[in-house]
Amino acid sequence: MAGQTLFDKIWNRHVVTEKHGQTLLYVDRHLLHDGSIWGFERLRQNGWKMRRPDQAFATPDHYTPTHTASLDDLTDPRAREIALAIKSNSEEFGVTVFPWGDKRQGIAHVVGPEQGITLPGLTMVCGDSHTSTHGALGCISMGIGSSEVTHVMATQTLWQTKPKTMRINIEGKLGFSVTAKDVILAVIRQIGTAGGTGYAIEFAGSAIRDMSMEGRLTVCNMTIEAGSRCGMVAPDEKTIEYVKGRPFAPKGDKWDMALKFWRSLPSDDDAVFDAEVTVDANAIAPMVTWGNSPQEAVQVTERLPDPDKEDDPDRKATLLAAYDYMGLTPGMPIAEIAVDKVFIGACTNARIEDLRAAAAVAKGRKATVPTLVVPGSGLVKEQAEAEGLDKVFTEAGFEWRLPGCSMCVGMNGDLLKPGERSASTSNRNFRGRQGVDSRTHLVSPAMAAAAAITGHFTDVRTMMEDA
Amino acid sequence: MEPFKSFKSMGMPIDILNCDTDAIIPARFLRIPLDDPDYNQYLFHDLRFNEDGSEKPDFIMNQQPFRDAKVIVADVNWGCGSSREHAVGALVANGIRVVIAPSIADIHRSNCMKNGVLPVILSREDCDTLRAHMHEAPGAEIDVDLETQTVTALNGTTFNFEIGPFDKHRMLNGIDDIGMTMELDAEISAFENDRKDYAWL
């Protein structure tokens with residue numbers, strides 16, 4: 001028998017039953033956020049119970065304000081209602097909740113790994129497409145819609161068609177100031193924004209093995225921007241070290257049992273994937289997106305592409321439309337693009353390592369454009385403050401905010417004005433994503449901080465000394 | 001859920017590659033309940049309307065006869081991005097029951113099925129042909145039959161599409177997944193009670 005992939009080993013252990021080519025997949029843990037309000041409402045309307053409230057964990061993130069510690073300051077009554085409902089709903093249904101004001105509150109995809117809710121070998125879901133983040137710990141973790149959220153609440157299962165498997169081997173060594181964010185943008189540029197549709201992706205290769213857990217979380221976060229619901233990395237000693245001692249991770253004898261199981265999970269040497277892709281890590285440089293799809297990414301030293309060189313007429317039209325929307329011209333050097341605002345945060349890049357990278361650039365310098373730094377959770381905020389990063393940011397003129405999704409999607413009111421351009425560490429540069437007629441460029445935290453200082457995209461490698 | 005047997009309506013071409021769910025419905029409308037009487041207005045809102053609420057005449061949904069079209073013919077990677085099911089809610093609020101595209105993002109595809117909207121995958125070439133035809137002959141109808149898995153358009157040309165047998169059965173009969181799965185409660189309990197590799201959880 002051929003060997004099994006990491007994905008197969010976990011999937012096969014979660015099959016409750018199969019019918020007509022679909023699998024009823026058991027879900028180990030369910031993350032909920034303020035947007036999950038619809039699921040609770042449907043449970044209540046139908047008089048359904050939550051099957052496993054002990055395996056559901058909730059935290060408000062999308063609607064929470066980042067500029068005030070008081071929900072009374074929220075002027076939109078509906079936003080206030082949604083941000084508060086997660087607490088009352090969780091208490092009513094018996095779900096563990098990290099409510100607003102609790103220092104464990106934060107972005108669901110930062111809180112899950114941080115609390116040890118996310119563990120190797122699990123199946124996890126959340127009503128948010130960036131649930132792919134958690135696969136960095138070696139689990140199957142997928143974003144779902146609100147009907148599926150209700151389905152999981154009521155049955156702890158999901159009907160799924162088994163995806164195909166793809167392995168992306170990122171081989172080589174990352175250069176100075178080249179980060180996980182640059183890696184995933186380079187991957188998406190290479191395979192395209194639909195390159196992973198229908199696949200579960202395992203990220204492998206020496207660059208992934210050498211990468212920190214936080215970097216792996218960034219890579220898996222943006223798997224969905226390559227079309228795949230599920231990105232994963234095989235658990236290794238780094239994973240185990242990361243998980244150990246976290247509040248909802250197993251302890252004592254259970255820890256020993258888990259460890260033995262987790263070490264059996266990596267893909268077998270003779271496992272066969274439906275597709276394999278190789279990416280040259282040595283060739284990756286700091287990246288900047290310029291268009292309205294994450295695949296429109298270029299290296300910071302490049303010029304913007306020429307649409308006339310596109311053979312595909314649809315693709316050419318898309319590029320021209322992106323130039324029009326973004327207010328840019330073909331052939332322009334990236335470094336000539338000036339920004340109006342900088343956003344450092346989001347489930348992609350709001351963990352402590354991201355804040356350290358941004359602070360290293362900001363230290364001793366001054367921002368020339370308004371810059372928001374939004375930590376991914378209250379605990380990330382606390383850690384950053386213990387390290388003095390908040391002081392570095394505020395002395396550089398950056399705003400130090402409270403945790404939440406913030407300007408990634410702007411549902412809490414942190415938005416760009418029409419026509420404004422951002423350097424953003426988030427994951428989507430879609431039209432209007434950060435507000436009506438907003439223009440978003442995706443970059444790493446270090447590149448975002450560099451743009452905050454100079455006011456335009458700047459190769460961060462020229463601002464830092466290679467140690 | 002309303003069963004889906006067949007559906008015939010005017011087709012509307014959406015010539016946008018990678019049309020994301022933020023474009024289908026901007027995030028600021030997600031706080032509004034789906035039964036809001038204005039929900040149909042939120043579909044493609046920022047492509048359809050200026051800031052003052054006036055229509056953008058260039059957008060196809062604002063052009064006659066497409067205002068009444070209920071079948072969308074889209075381009076590659078329709079529905080990518082955010083998992084927001086409200087995107088399907090905005091389609092349903094406009095009476096749209098079918099989206100035909102060369103590829104549809106996985107989460108959005110699943111959301112469509114849960115709400116009685118049939119996602120149909122045809123080849124890129126066929127979708128290009130259909131969209132070109134909708135432009136050349138505005139008002140042309142598209143007939144979609146789930147039982148026979150066919151799309152009939154272009155004055156009688158028939159295209160076959162694939163759909164999994166389980167998805168087809170649920171759509172044809174308007175079966176609500178949750179009710180169906182709850183009947184498997186004993187199997188789920190048996191599964192939960194026999195998980196030797198997960199005793200640590």
# chains A, B, ... in the order shown; residues from 1 in each chain; ligands from 1
call {"tool": "closest_atom_pairs", "arguments": {"of": "chain A", "to": "chain B", "cutoff": "8 Å", "atoms": "only C-alpha atoms", "output": "Markdown table"}}
result
| residue | atom | partner | partner_atom | distance |
| --- | --- | --- | --- | --- |
| A:Val16 | CA | B:Phe191 | CA | 6.0 |
| A:Thr17 | CA | B:Glu187 | CA | 7.8 |
| A:Lys19 | CA | B:Phe166 | CA | 7.3 |
| A:His20 | CA | B:Phe166 | CA | 5.4 |
| A:Gly21 | CA | B:Phe166 | CA | 7.1 |
| A:Gln22 | CA | B:Phe166 | CA | 7.0 |
| A:Tyr26 | CA | B:Ile188 | CA | 7.9 |
| A:Arg78 | CA | B:Arg31 | CA | 6.8 |
| A:Ala79 | CA | B:Arg31 | CA | 7.0 |
| A:Ile82 | CA | B:Arg31 | CA | 7.7 |
| A:Gly127 | CA | B:Ser83 | CA | 6.9 |
| A:Asp128 | CA | B:Ser83 | CA | 5.6 |
| A:Ser129 | CA | B:Ser83 | CA | 5.0 |
| A:Gly143 | CA | B:Ser83 | CA | 6.7 |
| A:Ile144 | CA | B:Ile107 | CA | 6.1 |
| A:Gly145 | CA | B:Glu85 | CA | 5.3 |
| A:Ser146 | CA | B:Glu85 | CA | 6.0 |
| A:Ser147 | CA | B:Lys114 | CA | 6.8 |
| A:His151 | CA | B:Ile178 | CA | 5.5 |
| A:Ala154 | CA | B:Ile178 | CA | 7.4 |
| A:Thr155 | CA | B:Met182 | CA | 6.5 |
| A:Thr193 | CA | B:Asn18 | CA | 7.8 |
| A:Ala194 | CA | B:Asn77 | CA | 6.1 |
| A:Thr197 | CA | B:Ala105 | CA | 6.5 |
| A:Gly198 | CA | B:Asp106 | CA | 6.6 |
| A:Ile224 | CA | B:Gly81 | CA | 7.1 |
| A:Glu225 | CA | B:Gly81 | CA | 6.6 |
| A:Gly227 | CA | B:Ala105 | CA | 6.5 |
| A:Ser228 | CA | B:Asp106 | CA | 7.7 |
| A:Arg229 | CA | B:Asp106 | CA | 7.2 |
| A:Pro250 | CA | B:Trp200 | CA | 6.3 |
| A:Lys254 | CA | B:Trp200 | CA | 4.5 |
| A:Trp255 | CA | B:Trp200 | CA | 6.9 |
| A:Met257 | CA | B:Trp200 | CA | 6.3 |
| A:Ala258 | CA | B:Trp200 | CA | 5.8 |
| A:Phe261 | CA | B:Asp197 | CA | 6.8 |
| A:Ser293 | CA | B:Asn18 | CA | 7.7 |
| A:Asp314 | CA | B:Leu17 | CA | 7.2 |
| A:Arg315 | CA | B:Leu17 | CA | 7.5 |
| A:Thr318 | CA | B:Leu17 | CA | 6.7 |
| A:Val409 | CA | B:Ala27 | CA | 6.9 |
| A:Gly410 | CA | B:Ala27 | CA | 7.7 |
| A:Met411 | CA | B:Arg28 | CA | 5.9 |
| A:Arg428 | CA | B:Gly81 | CA | 7.9 |
| A:Phe430 | CA | B:Asp22 | CA | 7.1 |
| A:Arg431 | CA | B:Ala23 | CA | 7.0 |
| A:Gly432 | CA | B:Pro26 | CA | 7.4 |
| A:Arg433 | CA | B:Asp22 | CA | 6.6 |
| A:Val436 | CA | B:Asp46 | CA | 7.2 |
call {"tool": "write_last_selection", "arguments": {"atoms": "N, CA and C atoms", "output": "compact mmCIF listing (two decimals), in the first residue's frame"}}
result
# COMPACT_ATOMS: atom_id res chain seq x y z
N VAL A 16 -17.01 9.82 9.66
CA VAL A 16 -18.11 9.20 10.41
C VAL A 16 -18.83 8.21 9.52
N THR A 17 -19.13 8.65 8.30
CA THR A 17 -19.77 7.77 7.32
C THR A 17 -19.58 8.37 5.94
N LYS A 19 -21.52 8.73 2.01
CA LYS A 19 -22.73 8.50 1.21
C LYS A 19 -22.53 9.13 -0.16
N HIS A 20 -22.77 8.34 -1.18
CA HIS A 20 -22.74 8.85 -2.56
C HIS A 20 -21.52 9.74 -2.84
N GLY A 21 -20.36 9.30 -2.39
CA GLY A 21 -19.14 10.04 -2.71
C GLY A 21 -18.84 11.20 -1.79
N GLN A 22 -19.70 11.44 -0.80
CA GLN A 22 -19.37 12.49 0.17
C GLN A 22 -19.13 11.88 1.55
N TYR A 26 -16.07 14.35 10.91
CA TYR A 26 -16.20 14.80 12.29
C TYR A 26 -15.30 16.01 12.53
N ARG A 78 -25.97 48.41 15.64
CA ARG A 78 -25.95 47.02 15.17
C ARG A 78 -24.56 46.40 15.38
N ALA A 79 -23.52 47.19 15.12
CA ALA A 79 -22.15 46.69 15.34
C ALA A 79 -21.95 46.39 16.82
N ILE A 82 -23.74 43.16 17.72
CA ILE A 82 -23.04 41.97 17.22
C ILE A 82 -21.79 41.69 18.07
N GLY A 127 -16.21 29.98 10.75
CA GLY A 127 -16.93 30.69 9.70
C GLY A 127 -16.14 31.87 9.19
N ASP A 128 -14.96 31.57 8.69
CA ASP A 128 -14.08 32.62 8.17
C ASP A 128 -13.06 31.95 7.26
N SER A 129 -12.85 32.51 6.09
CA SER A 129 -12.02 31.82 5.11
C SER A 129 -10.56 31.67 5.56
N GLY A 143 -12.14 27.06 6.37
CA GLY A 143 -13.17 28.08 6.46
C GLY A 143 -14.47 27.55 5.92
N ILE A 144 -15.59 27.95 6.54
CA ILE A 144 -16.91 27.49 6.11
C ILE A 144 -17.89 28.66 6.11
N GLY A 145 -19.02 28.49 5.44
CA GLY A 145 -20.07 29.50 5.42
C GLY A 145 -20.98 29.37 6.63
N SER A 146 -21.95 30.30 6.76
CA SER A 146 -22.74 30.31 7.99
C SER A 146 -23.72 29.14 8.09
N SER A 147 -24.19 28.59 6.96
CA SER A 147 -25.04 27.39 7.04
C SER A 147 -24.23 26.22 7.60
N HIS A 151 -24.51 23.88 10.92
CA HIS A 151 -24.44 22.41 10.81
C HIS A 151 -23.46 21.84 11.82
N ALA A 154 -24.77 22.12 15.42
CA ALA A 154 -25.84 21.17 15.74
C ALA A 154 -25.38 19.72 15.70
N THR A 155 -24.39 19.39 14.86
CA THR A 155 -24.06 17.97 14.65
C THR A 155 -22.58 17.62 14.87
N THR A 193 -4.29 32.68 -8.21
CA THR A 193 -5.26 32.79 -7.13
C THR A 193 -6.29 31.67 -7.14
N ALA A 194 -6.35 30.91 -8.24
CA ALA A 194 -7.22 29.72 -8.26
C ALA A 194 -6.37 28.44 -8.36
N THR A 197 -7.51 25.71 -5.95
CA THR A 197 -8.93 25.37 -5.83
C THR A 197 -9.13 23.86 -5.95
N GLY A 198 -9.86 23.29 -5.00
CA GLY A 198 -10.12 21.85 -5.00
C GLY A 198 -9.05 21.02 -4.33
N ILE A 224 -5.87 30.31 1.34
CA ILE A 224 -7.17 30.58 0.72
C ILE A 224 -7.01 31.59 -0.43
N GLU A 225 -6.01 32.45 -0.39
CA GLU A 225 -5.79 33.39 -1.50
C GLU A 225 -5.23 32.68 -2.73
N GLY A 227 -6.77 29.88 -3.46
CA GLY A 227 -7.95 29.10 -3.81
C GLY A 227 -8.19 27.87 -2.96
N SER A 228 -7.24 27.53 -2.08
CA SER A 228 -7.38 26.32 -1.27
C SER A 228 -7.90 26.64 0.12
N ARG A 229 -8.89 25.86 0.56
CA ARG A 229 -9.48 26.08 1.89
C ARG A 229 -8.57 25.62 3.00
N PRO A 250 -3.25 19.31 25.64
CA PRO A 250 -3.27 18.21 26.61
C PRO A 250 -2.10 18.30 27.59
N LYS A 254 -1.94 12.59 29.00
CA LYS A 254 -2.57 12.90 27.72
C LYS A 254 -1.57 13.56 26.76
N TRP A 255 -0.70 14.38 27.33
CA TRP A 255 0.35 15.00 26.51
C TRP A 255 1.24 13.92 25.89
N MET A 257 0.51 10.81 25.26
CA MET A 257 -0.25 10.09 24.23
C MET A 257 -0.32 10.91 22.94
N ALA A 258 -0.59 12.20 23.12
CA ALA A 258 -0.74 13.09 21.97
C ALA A 258 0.57 13.15 21.19
N PHE A 261 1.20 10.26 18.99
CA PHE A 261 0.33 10.30 17.82
C PHE A 261 0.80 11.37 16.82
N SER A 293 -5.82 41.49 -6.96
CA SER A 293 -5.81 40.07 -6.62
C SER A 293 -4.44 39.80 -6.01
N ASP A 314 -8.69 38.26 -21.57
CA ASP A 314 -9.36 38.49 -20.28
C ASP A 314 -8.37 38.97 -19.23
N ARG A 315 -7.21 38.34 -19.25
CA ARG A 315 -6.16 38.68 -18.30
C ARG A 315 -5.68 40.12 -18.55
N THR A 318 -8.19 42.47 -17.25
CA THR A 318 -8.15 42.52 -15.79
C THR A 318 -7.02 43.43 -15.31
N VAL A 409 -10.50 44.42 7.01
CA VAL A 409 -11.82 44.34 6.37
C VAL A 409 -12.70 45.51 6.80
N GLY A 410 -12.24 46.26 7.81
CA GLY A 410 -12.89 47.53 8.15
C GLY A 410 -14.30 47.44 8.72
N MET A 411 -14.71 46.25 9.18
CA MET A 411 -16.08 46.13 9.68
C MET A 411 -16.29 46.88 10.99
N ARG A 428 -5.83 40.59 1.73
CA ARG A 428 -6.65 40.81 0.53
C ARG A 428 -6.52 42.23 0.03
N PHE A 430 -8.48 43.20 -2.59
CA PHE A 430 -9.65 43.32 -3.44
C PHE A 430 -10.13 44.77 -3.48
N ARG A 431 -10.84 45.11 -4.55
CA ARG A 431 -11.46 46.44 -4.65
C ARG A 431 -12.36 46.66 -3.45
N GLY A 432 -12.21 47.82 -2.83
CA GLY A 432 -13.12 48.18 -1.75
C GLY A 432 -12.94 47.42 -0.46
N ARG A 433 -11.94 46.57 -0.38
CA ARG A 433 -11.76 45.74 0.81
C ARG A 433 -11.56 46.60 2.06
N VAL A 436 -14.76 51.91 0.56
CA VAL A 436 -15.18 52.20 -0.82
C VAL A 436 -14.01 52.88 -1.55
call {"tool": "residues_around", "arguments": {"residues": "Gly3 of chain A", "least_positions_apart": "2", "cutoff": "7 Å", "atoms": "only C-alpha atoms", "output": "PyMOL selection string"}}
result
chain A and resi 1+5+268-271
call {"tool": "write_last_selection", "arguments": {"atoms": "N, CA and C atoms", "output": "PDB file, in the first residue's frame"}}
result
ATOM      1  N   MET A   1       0.842  -1.197   0.000  1.00  0.00           N
ATOM      2  CA  MET A   1       0.000   0.000   0.000  1.00  0.00           C
ATOM      3  C   MET A   1       0.881   1.251   0.000  1.00  0.00           C
ATOM      4  N   THR A   5      -0.482  10.706   2.986  1.00  0.00           N
ATOM      5  CA  THR A   5      -0.097  12.087   3.243  1.00  0.00           C
ATOM      6  C   THR A   5      -0.577  12.487   4.642  1.00  0.00           C
ATOM      7  N   ASP A 268       4.120  10.154   4.724  1.00  0.00           N
ATOM      8  CA  ASP A 268       5.090   9.084   4.532  1.00  0.00           C
ATOM      9  C   ASP A 268       5.982   9.415   3.334  1.00  0.00           C
ATOM     10  N   ASP A 269       7.191   8.868   3.352  1.00  0.00           N
ATOM     11  CA  ASP A 269       8.143   9.161   2.268  1.00  0.00           C
ATOM     12  C   ASP A 269       7.592   8.767   0.900  1.00  0.00           C
ATOM     13  N   ASP A 270       6.801   7.671   0.894  1.00  0.00           N
ATOM     14  CA  ASP A 270       6.276   7.211  -0.399  1.00  0.00           C
ATOM     15  C   ASP A 270       4.843   7.701  -0.658  1.00  0.00           C
ATOM     16  N   ALA A 271       4.392   8.709   0.102  1.00  0.00           N
ATOM     17  CA  ALA A 271       3.047   9.252  -0.123  1.00  0.00           C
ATOM     18  C   ALA A 271       2.998   9.931  -1.488  1.00  0.00           C
TER      19      ALA A 271
END
call {"tool": "select_by_dssp", "arguments": {"residues": "segment 48-187 of chain B", "states": "helix (DSSP H, G or I)", "output": "number ranges by chain"}}
result
B: 48, 60-62, 66-68, 86-93, 106-114, 124-136, 165-173, 177-182, 185-187
call {"tool": "residues_around", "arguments": {"residues": "Tyr323 of chain A", "least_positions_apart": "3", "cutoff": "10 Å", "atoms": "only C-alpha atoms", "output": "short mmCIF file (atom, residue, chain, number, x, y, z; two decimals) with all heavy atoms, in the first residue's frame"}}
result
data_model
loop_
_atom_site.label_atom_id
_atom_site.label_comp_id
_atom_site.auth_asym_id
_atom_site.auth_seq_id
_atom_site.Cartn_x
_atom_site.Cartn_y
_atom_site.Cartn_z
N TRP A 290 0.34 44.92 -6.37
CA TRP A 290 -0.02 46.22 -6.97
C TRP A 290 -1.45 46.25 -7.50
O TRP A 290 -2.02 47.31 -7.68
CB TRP A 290 0.95 46.55 -8.13
CG TRP A 290 0.81 45.61 -9.27
CD1 TRP A 290 1.48 44.44 -9.47
CD2 TRP A 290 -0.11 45.72 -10.35
NE1 TRP A 290 1.02 43.81 -10.59
CE2 TRP A 290 0.05 44.59 -11.17
CE3 TRP A 290 -1.06 46.69 -10.73
CZ2 TRP A 290 -0.70 44.37 -12.32
CZ3 TRP A 290 -1.81 46.47 -11.88
CH2 TRP A 290 -1.63 45.32 -12.66
N GLY A 291 -2.06 45.06 -7.74
CA GLY A 291 -3.39 45.00 -8.37
C GLY A 291 -4.48 44.65 -7.38
O GLY A 291 -4.35 44.91 -6.18
N ASN A 292 -5.57 44.03 -7.87
CA ASN A 292 -6.71 43.72 -7.02
C ASN A 292 -6.90 42.23 -6.79
O ASN A 292 -7.99 41.77 -6.47
CB ASN A 292 -7.98 44.34 -7.59
CG ASN A 292 -7.90 45.85 -7.65
OD1 ASN A 292 -7.99 46.45 -8.71
ND2 ASN A 292 -7.67 46.46 -6.49
N LEU A 304 6.16 47.79 -12.54
CA LEU A 304 4.83 47.22 -12.75
C LEU A 304 4.75 46.62 -14.16
O LEU A 304 5.32 47.15 -15.10
CB LEU A 304 3.76 48.30 -12.56
CG LEU A 304 3.70 48.91 -11.16
CD1 LEU A 304 2.50 49.85 -11.04
CD2 LEU A 304 3.59 47.83 -10.09
N PRO A 307 0.65 45.31 -19.52
CA PRO A 307 -0.52 44.52 -19.93
C PRO A 307 -0.47 44.10 -21.40
O PRO A 307 -1.05 43.09 -21.77
CB PRO A 307 -1.71 45.47 -19.71
CG PRO A 307 -1.19 46.55 -18.81
CD PRO A 307 0.28 46.65 -19.07
N ALA A 317 -7.40 42.52 -19.90
CA ALA A 317 -8.47 43.43 -19.46
C ALA A 317 -8.47 43.59 -17.95
O ALA A 317 -8.69 44.68 -17.41
CB ALA A 317 -9.82 42.90 -19.94
N THR A 318 -8.19 42.47 -17.25
CA THR A 318 -8.15 42.52 -15.79
C THR A 318 -7.02 43.43 -15.31
O THR A 318 -7.20 44.23 -14.39
CB THR A 318 -7.96 41.10 -15.22
OG1 THR A 318 -9.07 40.32 -15.64
CG2 THR A 318 -7.90 41.10 -13.70
N LEU A 319 -5.87 43.30 -15.94
CA LEU A 319 -4.73 44.13 -15.55
C LEU A 319 -5.03 45.61 -15.82
O LEU A 319 -4.75 46.47 -14.98
CB LEU A 319 -3.46 43.72 -16.30
CG LEU A 319 -2.89 42.33 -15.99
CD1 LEU A 319 -1.51 42.17 -16.61
CD2 LEU A 319 -2.81 42.07 -14.50
N LEU A 320 -5.62 45.88 -16.97
CA LEU A 320 -5.95 47.28 -17.30
C LEU A 320 -6.94 47.87 -16.30
O LEU A 320 -6.80 49.00 -15.84
CB LEU A 320 -6.49 47.39 -18.73
CG LEU A 320 -5.45 47.18 -19.83
CD1 LEU A 320 -6.13 47.08 -21.19
CD2 LEU A 320 -4.41 48.32 -19.84
N MET A 326 -6.44 51.22 -9.35
CA MET A 326 -5.36 51.50 -8.40
C MET A 326 -4.66 52.84 -8.69
O MET A 326 -3.83 53.30 -7.90
CB MET A 326 -4.33 50.37 -8.41
CG MET A 326 -4.86 49.03 -7.91
SD MET A 326 -5.37 49.05 -6.17
CE MET A 326 -3.76 49.04 -5.34
N GLY A 327 -4.99 53.46 -9.80
CA GLY A 327 -4.37 54.75 -10.11
C GLY A 327 -2.88 54.63 -10.37
O GLY A 327 -2.10 55.46 -9.90
N LEU A 328 -2.48 53.59 -11.11
CA LEU A 328 -1.06 53.34 -11.37
C LEU A 328 -0.83 53.22 -12.87
O LEU A 328 -1.79 53.02 -13.63
CB LEU A 328 -0.63 52.03 -10.69
CG LEU A 328 -0.75 52.00 -9.16
CD1 LEU A 328 -0.56 50.57 -8.64
CD2 LEU A 328 0.25 52.95 -8.49
N THR A 329 0.43 53.32 -13.29
CA THR A 329 0.73 53.18 -14.72
C THR A 329 1.74 52.05 -14.94
O THR A 329 2.67 51.88 -14.15
CB THR A 329 1.32 54.48 -15.32
OG1 THR A 329 2.20 55.06 -14.36
CG2 THR A 329 0.23 55.47 -15.65
N PRO A 330 1.55 51.28 -16.03
CA PRO A 330 2.49 50.19 -16.33
C PRO A 330 3.93 50.71 -16.42
O PRO A 330 4.16 51.83 -16.89
CB PRO A 330 2.00 49.68 -17.70
CG PRO A 330 0.56 50.06 -17.76
CD PRO A 330 0.45 51.35 -17.02
#
call {"tool": "select_by_dssp", "arguments": {"residues": "segment 55-240 of chain A", "states": "strand (DSSP E or B)", "output": "CSV table (one decimal) with N, CA and C atoms, in the first residue's frame"}}
result
chain,number,residue,atom,x,y,z
A,56,ALA,N,-16.1,24.1,21.4
A,56,ALA,CA,-16.3,25.4,20.7
A,56,ALA,C,-15.7,26.5,21.5
A,57,PHE,N,-15.1,27.5,20.8
A,57,PHE,CA,-14.4,28.6,21.5
A,57,PHE,C,-14.7,29.8,20.7
A,58,ALA,N,-15.0,30.9,21.5
A,58,ALA,CA,-15.5,32.1,20.8
A,58,ALA,C,-14.7,33.3,21.2
A,96,THR,N,-17.0,28.2,25.6
A,96,THR,CA,-15.9,29.0,26.2
A,96,THR,C,-15.8,30.3,25.4
A,97,VAL,N,-15.8,31.4,26.1
A,97,VAL,CA,-15.7,32.7,25.3
A,97,VAL,C,-14.6,33.5,26.0
A,106,GLY,N,-9.1,38.3,21.0
A,106,GLY,CA,-8.3,38.7,19.8
A,106,GLY,C,-8.9,38.1,18.5
A,123,THR,N,-9.3,18.2,13.3
A,123,THR,CA,-10.1,18.9,12.2
A,123,THR,C,-10.7,20.1,12.9
A,124,MET,N,-10.5,21.2,12.3
A,124,MET,CA,-11.0,22.5,12.9
A,124,MET,C,-11.8,23.3,11.8
A,125,VAL,N,-12.8,24.0,12.2
A,125,VAL,CA,-13.5,24.9,11.3
A,125,VAL,C,-13.8,26.2,12.0
A,126,CYS,N,-14.1,27.2,11.1
A,126,CYS,CA,-14.5,28.5,11.6
A,126,CYS,C,-15.2,29.2,10.5
A,140,ILE,N,-6.1,19.7,10.0
A,140,ILE,CA,-7.0,20.1,8.8
A,140,ILE,C,-7.9,21.2,9.3
A,141,SER,N,-7.8,22.4,8.8
A,141,SER,CA,-8.5,23.5,9.3
A,141,SER,C,-9.1,24.3,8.1
A,142,MET,N,-10.4,24.4,8.1
A,142,MET,CA,-11.1,25.0,6.9
A,142,MET,C,-12.1,26.1,7.2
A,143,GLY,N,-12.1,27.1,6.4
A,143,GLY,CA,-13.2,28.1,6.5
A,143,GLY,C,-14.5,27.6,5.9
A,157,THR,N,-20.4,17.8,12.8
A,157,THR,CA,-19.9,17.2,11.6
A,157,THR,C,-20.1,18.1,10.4
A,158,LEU,N,-19.5,17.8,9.3
A,158,LEU,CA,-19.7,18.5,8.0
A,158,LEU,C,-19.8,17.5,6.8
A,159,TRP,N,-20.6,17.7,5.9
A,159,TRP,CA,-20.6,16.9,4.6
A,159,TRP,C,-19.5,17.5,3.7
A,160,GLN,N,-18.6,16.7,3.3
A,160,GLN,CA,-17.5,17.2,2.5
A,160,GLN,C,-17.1,16.3,1.4
A,164,LYS,N,-8.5,17.0,-3.4
A,164,LYS,CA,-7.2,16.5,-3.9
A,164,LYS,C,-6.1,17.0,-3.0
A,165,THR,N,-4.9,16.4,-3.1
A,165,THR,CA,-3.8,16.9,-2.3
A,165,THR,C,-2.7,17.5,-3.2
A,166,MET,N,-2.1,18.6,-2.7
A,166,MET,CA,-1.0,19.3,-3.4
A,166,MET,C,0.1,19.5,-2.4
A,167,ARG,N,1.3,19.2,-2.8
A,167,ARG,CA,2.5,19.6,-2.0
A,167,ARG,C,3.2,20.7,-2.6
A,168,ILE,N,3.5,21.8,-1.9
A,168,ILE,CA,4.3,22.9,-2.4
A,168,ILE,C,5.6,22.8,-1.6
A,169,ASN,N,6.7,22.5,-2.4
A,169,ASN,CA,8.0,22.4,-1.8
A,169,ASN,C,8.8,23.7,-1.9
A,170,ILE,N,9.0,24.3,-0.8
A,170,ILE,CA,9.7,25.6,-0.9
A,170,ILE,C,11.2,25.3,-0.5
A,171,GLU,N,12.0,25.2,-1.4
A,171,GLU,CA,13.4,24.7,-1.2
A,171,GLU,C,14.4,25.8,-1.3
A,199,TYR,N,-8.0,21.7,-3.9
A,199,TYR,CA,-6.9,21.0,-3.2
A,199,TYR,C,-6.8,21.3,-1.7
A,200,ALA,N,-6.2,20.4,-1.0
A,200,ALA,CA,-5.6,20.7,0.3
A,200,ALA,C,-4.1,20.8,0.1
A,201,ILE,N,-3.5,21.8,0.6
A,201,ILE,CA,-2.1,22.0,0.3
A,201,ILE,C,-1.2,21.8,1.5
A,202,GLU,N,-0.2,20.9,1.3
A,202,GLU,CA,0.8,20.8,2.3
A,202,GLU,C,2.1,21.6,1.9
A,203,PHE,N,2.5,22.5,2.8
A,203,PHE,CA,3.7,23.3,2.5
A,203,PHE,C,4.9,22.5,3.1
A,204,ALA,N,5.9,22.3,2.3
A,204,ALA,CA,7.0,21.5,2.8
A,204,ALA,C,8.3,22.1,2.2
A,230,CYS,N,-7.6,24.8,2.7
A,230,CYS,CA,-6.9,24.1,3.7
A,230,CYS,C,-5.4,24.1,3.4
A,231,GLY,N,-4.6,24.7,4.2
A,231,GLY,CA,-3.1,24.7,4.0
A,231,GLY,C,-2.6,24.0,5.3
A,232,MET,N,-1.5,23.3,5.2
A,232,MET,CA,-1.0,22.6,6.3
A,232,MET,C,0.5,22.5,6.3
call {"tool": "closest_residue", "arguments": {"among": "A:Val233, A:Val183, A:Val380, A:Val342", "to": "Asn282 of chain A", "atoms": "only C-alpha atoms"}}
result
A:Val183
call {"tool": "atom_distance", "arguments": {"atom1": "atom CA of Leu146 of chain B", "atom2": "atom CA of Ile14 of chain B"}}
result
22.2 Å
call {"tool": "residues_around", "arguments": {"residues": "Gly11 of chain B", "least_positions_apart": "2", "cutoff": "6 Å", "atoms": "only C-alpha atoms", "output": "list in words"}}
result
Ala69, Val71, Ile72, Glu141 and Ile142 of chain B
call {"tool": "write_last_selection", "arguments": {"atoms": "C-alpha atoms", "output": "PDB file, in the first residue's frame"}}
result
ATOM      1  CA  ALA B  69     -31.693  38.490 -15.610  1.00  0.00           C
ATOM      2  CA  VAL B  71     -28.840  33.451 -14.467  1.00  0.00           C
ATOM      3  CA  ILE B  72     -25.285  34.727 -14.096  1.00  0.00           C
ATOM      4  CA  GLU B 141     -32.460  33.023 -22.207  1.00  0.00           C
ATOM      5  CA  ILE B 142     -30.602  30.170 -20.580  1.00  0.00           C
TER       6      ILE B 142
END
